[in-house]
Amino acid sequence: MAASTSSQVVAAFRAQLRRPHTLRGDPEAQARLSAGMLPVRSEGMRAALAARTHFIDTQVLDAIDLGIPQIVILGAGYDDRALRFPSPGVRFFELDHPNTQQDKLRRLRQMRVDISNLRLIPADFAREDASDRLAEHGHDAVQPTLFVCEGLLVYLERSSIERLLASICRRADVDSRLVASLAVHPEGLDSDSVIERVNARRPNAKAEPWKTILPVAEYHDLFAHSGWTLIETIDPSVTDDRIPEGRTLLISAVPE
């Protein structure tokens, strides 16, 4: 398996956005990290990614302002937030497939940037326990953490999502938060049929198929079963009429 193509098109598109950065942060980090990558072209997808990026950026900055010292990004791909939002006392932990992590580390070394605030952790979410991998790389389970699952869960089987959410919940103290993006469909539709139709339209579906699209109520049950309570749900279509309604949900959750 090569480095994630989906992560690359997302990163290349993000490099085109105007985004915030902390005082010590690099506003050009994403452009340099994604050099040579081709961005997503679909206008609807671009609008959805812009809304998603803004939501997650805001959540990360809010967590830093609240004094949360650990940011864990699951399925990080070519995320630039450790470079964009470096802050005193804040550590970033990024988990993703070993091939993607290897390519990202190569790019970071070519950029000659300080990544002392970042731990790049190779992980296969279908086979490895995220809690174990975090513990091995210095994550402190008794300190508050913001966990980020942006653009990840749709690529995992439902059973893998439940294991992942339960695993990180074991490392979440009472002041921790989880933010995520979810692929959703209306009640009454068969989820397997929805996934089949969606993948039939996706050019990269054979290499990186979508595996989980559920109605909102089932996500509430899934998160609750894994130890999380959803406290905020946002359909990004309310922010931009180019985004189809009822396809994506942005959520935040706290440990039960």
# chains A, B, ... in the order shown; residues from 1 in each chain; ligands from 1
>>> residues_around(residues="Gly67 in chain A", least_positions_apart="5", cutoff="9 Å", atoms="only C-alpha atoms", output="VMD selection string")
chain A and resid 62 89 to 90 144
>>> residues_around(residues="Leu108 in chain A", least_positions_apart="4", cutoff="12 Å", atoms="only C-alpha atoms", output="ChimeraX atom specification")
/A:29-30,32-35,78-80,82-83,101-104,112-116,118,120
>>> select_by_dssp(residues="range 31-134 of chain A", states="strand (DSSP E or B)", output="list in words")
Gln70, Ile71, Val72, Ile73, Leu74, Arg91, Phe92, Phe93, Glu94, Leu95, Asp96, Leu118, Arg119, Leu120, Ile121 and Pro122 of chain A
>>> write_last_selection(atoms="N, CA and C atoms", output="mmCIF file, in the first residue's frame")
data_model
loop_
_atom_site.group_PDB
_atom_site.id
_atom_site.type_symbol
_atom_site.label_atom_id
_atom_site.label_comp_id
_atom_site.auth_asym_id
_atom_site.auth_seq_id
_atom_site.Cartn_x
_atom_site.Cartn_y
_atom_site.Cartn_z
ATOM 1 N N GLN A 70 -2.463 18.161 25.085
ATOM 2 C CA GLN A 70 -2.200 17.087 24.137
ATOM 3 C C GLN A 70 -3.245 17.099 23.022
ATOM 4 N N ILE A 71 -2.784 17.083 21.772
ATOM 5 C CA ILE A 71 -3.656 16.997 20.610
ATOM 6 C C ILE A 71 -3.314 15.702 19.888
ATOM 7 N N VAL A 72 -4.256 14.780 19.817
ATOM 8 C CA VAL A 72 -4.053 13.506 19.125
ATOM 9 C C VAL A 72 -4.860 13.526 17.837
ATOM 10 N N ILE A 73 -4.187 13.383 16.709
ATOM 11 C CA ILE A 73 -4.845 13.403 15.407
ATOM 12 C C ILE A 73 -4.776 12.000 14.814
ATOM 13 N N LEU A 74 -5.919 11.371 14.696
ATOM 14 C CA LEU A 74 -6.021 9.994 14.223
ATOM 15 C C LEU A 74 -6.339 9.994 12.726
ATOM 16 N N ARG A 91 1.702 19.241 23.052
ATOM 17 C CA ARG A 91 2.303 18.201 22.217
ATOM 18 C C ARG A 91 1.254 17.641 21.254
ATOM 19 N N PHE A 92 1.691 17.336 20.051
ATOM 20 C CA PHE A 92 0.837 16.727 19.037
ATOM 21 C C PHE A 92 1.277 15.270 18.820
ATOM 22 N N PHE A 93 0.281 14.400 18.715
ATOM 23 C CA PHE A 93 0.509 12.992 18.400
ATOM 24 C C PHE A 93 -0.296 12.671 17.146
ATOM 25 N N GLU A 94 0.366 12.171 16.119
ATOM 26 C CA GLU A 94 -0.316 11.853 14.868
ATOM 27 C C GLU A 94 -0.197 10.356 14.584
ATOM 28 N N LEU A 95 -1.332 9.723 14.359
ATOM 29 C CA LEU A 95 -1.360 8.297 14.036
ATOM 30 C C LEU A 95 -1.885 8.115 12.617
ATOM 31 N N ASP A 96 -1.200 7.273 11.842
ATOM 32 C CA ASP A 96 -1.674 6.934 10.504
ATOM 33 C C ASP A 96 -0.910 5.712 10.016
ATOM 34 N N LEU A 118 6.055 17.110 18.113
ATOM 35 C CA LEU A 118 5.242 16.172 17.342
ATOM 36 C C LEU A 118 5.773 14.753 17.472
ATOM 37 N N ARG A 119 4.851 13.814 17.686
ATOM 38 C CA ARG A 119 5.168 12.391 17.643
ATOM 39 C C ARG A 119 4.410 11.785 16.464
ATOM 40 N N LEU A 120 5.147 11.273 15.483
ATOM 41 C CA LEU A 120 4.553 10.575 14.346
ATOM 42 C C LEU A 120 4.503 9.091 14.684
ATOM 43 N N ILE A 121 3.303 8.541 14.750
ATOM 44 C CA ILE A 121 3.134 7.172 15.230
ATOM 45 C C ILE A 121 2.532 6.312 14.120
ATOM 46 N N PRO A 122 3.265 5.341 13.579
ATOM 47 C CA PRO A 122 2.680 4.421 12.601
ATOM 48 C C PRO A 122 1.621 3.557 13.276
#
>>> residues_around(residues="Phe13 in chain A", least_positions_apart="6", cutoff="8 Å", atoms="only C-alpha atoms", output="JSON, numbers by chain")
{"A": [38, 39, 40, 46]}
>>> select_by_dssp(residues="range 154-195 of chain A", states="helix (DSSP H, G or I)", output="NGL selection string")
:A and (154-155 or 158-169 or 191-195)
>>> write_last_selection(atoms="C-alpha atoms", output="mmCIF file, in the first residue's frame")
data_model
loop_
_atom_site.group_PDB
_atom_site.id
_atom_site.type_symbol
_atom_site.label_atom_id
_atom_site.label_comp_id
_atom_site.auth_asym_id
_atom_site.auth_seq_id
_atom_site.Cartn_x
_atom_site.Cartn_y
_atom_site.Cartn_z
ATOM 1 C CA VAL A 154 -15.619 6.648 6.862
ATOM 2 C CA TYR A 155 -12.632 4.498 5.799
ATOM 3 C CA ARG A 158 -17.982 -0.210 11.956
ATOM 4 C CA SER A 159 -16.322 -2.762 14.260
ATOM 5 C CA SER A 160 -12.974 -0.993 13.833
ATOM 6 C CA ILE A 161 -14.590 2.360 14.644
ATOM 7 C CA GLU A 162 -16.039 0.970 17.869
ATOM 8 C CA ARG A 163 -12.656 -0.469 18.895
ATOM 9 C CA LEU A 164 -10.874 2.782 18.060
ATOM 10 C CA LEU A 165 -13.333 4.986 19.945
ATOM 11 C CA ALA A 166 -13.296 2.685 22.978
ATOM 12 C CA SER A 167 -9.508 2.563 22.886
ATOM 13 C CA ILE A 168 -8.999 6.325 22.933
ATOM 14 C CA CYS A 169 -11.729 6.681 25.555
ATOM 15 C CA SER A 191 -26.310 1.519 4.691
ATOM 16 C CA ASP A 192 -24.592 -1.151 2.593
ATOM 17 C CA SER A 193 -26.471 -0.021 -0.503
ATOM 18 C CA VAL A 194 -25.582 3.614 0.184
ATOM 19 C CA ILE A 195 -21.904 2.733 0.515
#
>>> atom_distance(atom1="CA of Thr233 in chain A", atom2="CA of Leu250 in chain A")
5.7 Å
>>> residues_around(residues="range 240-245 of chain A", least_positions_apart="6", cutoff="9 Å", atoms="only C-alpha atoms", output="PDB file with C-alpha atoms, in the first residue's frame")
ATOM      1  CA  GLU A  43     -16.727  22.169  -5.999  1.00  0.00           C
ATOM      2  CA  GLY A  44     -19.081  20.433  -3.587  1.00  0.00           C
ATOM      3  CA  MET A  45     -16.210  18.481  -2.021  1.00  0.00           C
ATOM      4  CA  ARG A  46     -14.041  21.591  -1.845  1.00  0.00           C
ATOM      5  CA  ALA A  47     -16.784  23.459   0.017  1.00  0.00           C
ATOM      6  CA  ALA A  48     -17.267  20.543   2.414  1.00  0.00           C
ATOM      7  CA  ALA A  51     -16.085  23.818   6.281  1.00  0.00           C
TER       8      ALA A  51
END
>>> closest_residue(among="A:Leu153, A:Ile68, A:Ala50, A:Ala207", to="Arg19 in chain A", atoms="only C-alpha atoms")
A:Ala50
>>> residues_around(residues="Asp175 in chain A", least_positions_apart="6", cutoff="10 Å", atoms="only C-alpha atoms", output="list in words")
Ile68, Val142, Gln143, Pro144, Thr145, Leu146, Val254 and Pro255 of chain A
>>> closest_residue(among="A:Ala205, A:Leu222, A:Thr5, A:Ser176", to="Leu66 in chain A", atoms="only C-alpha atoms")
A:Ser176
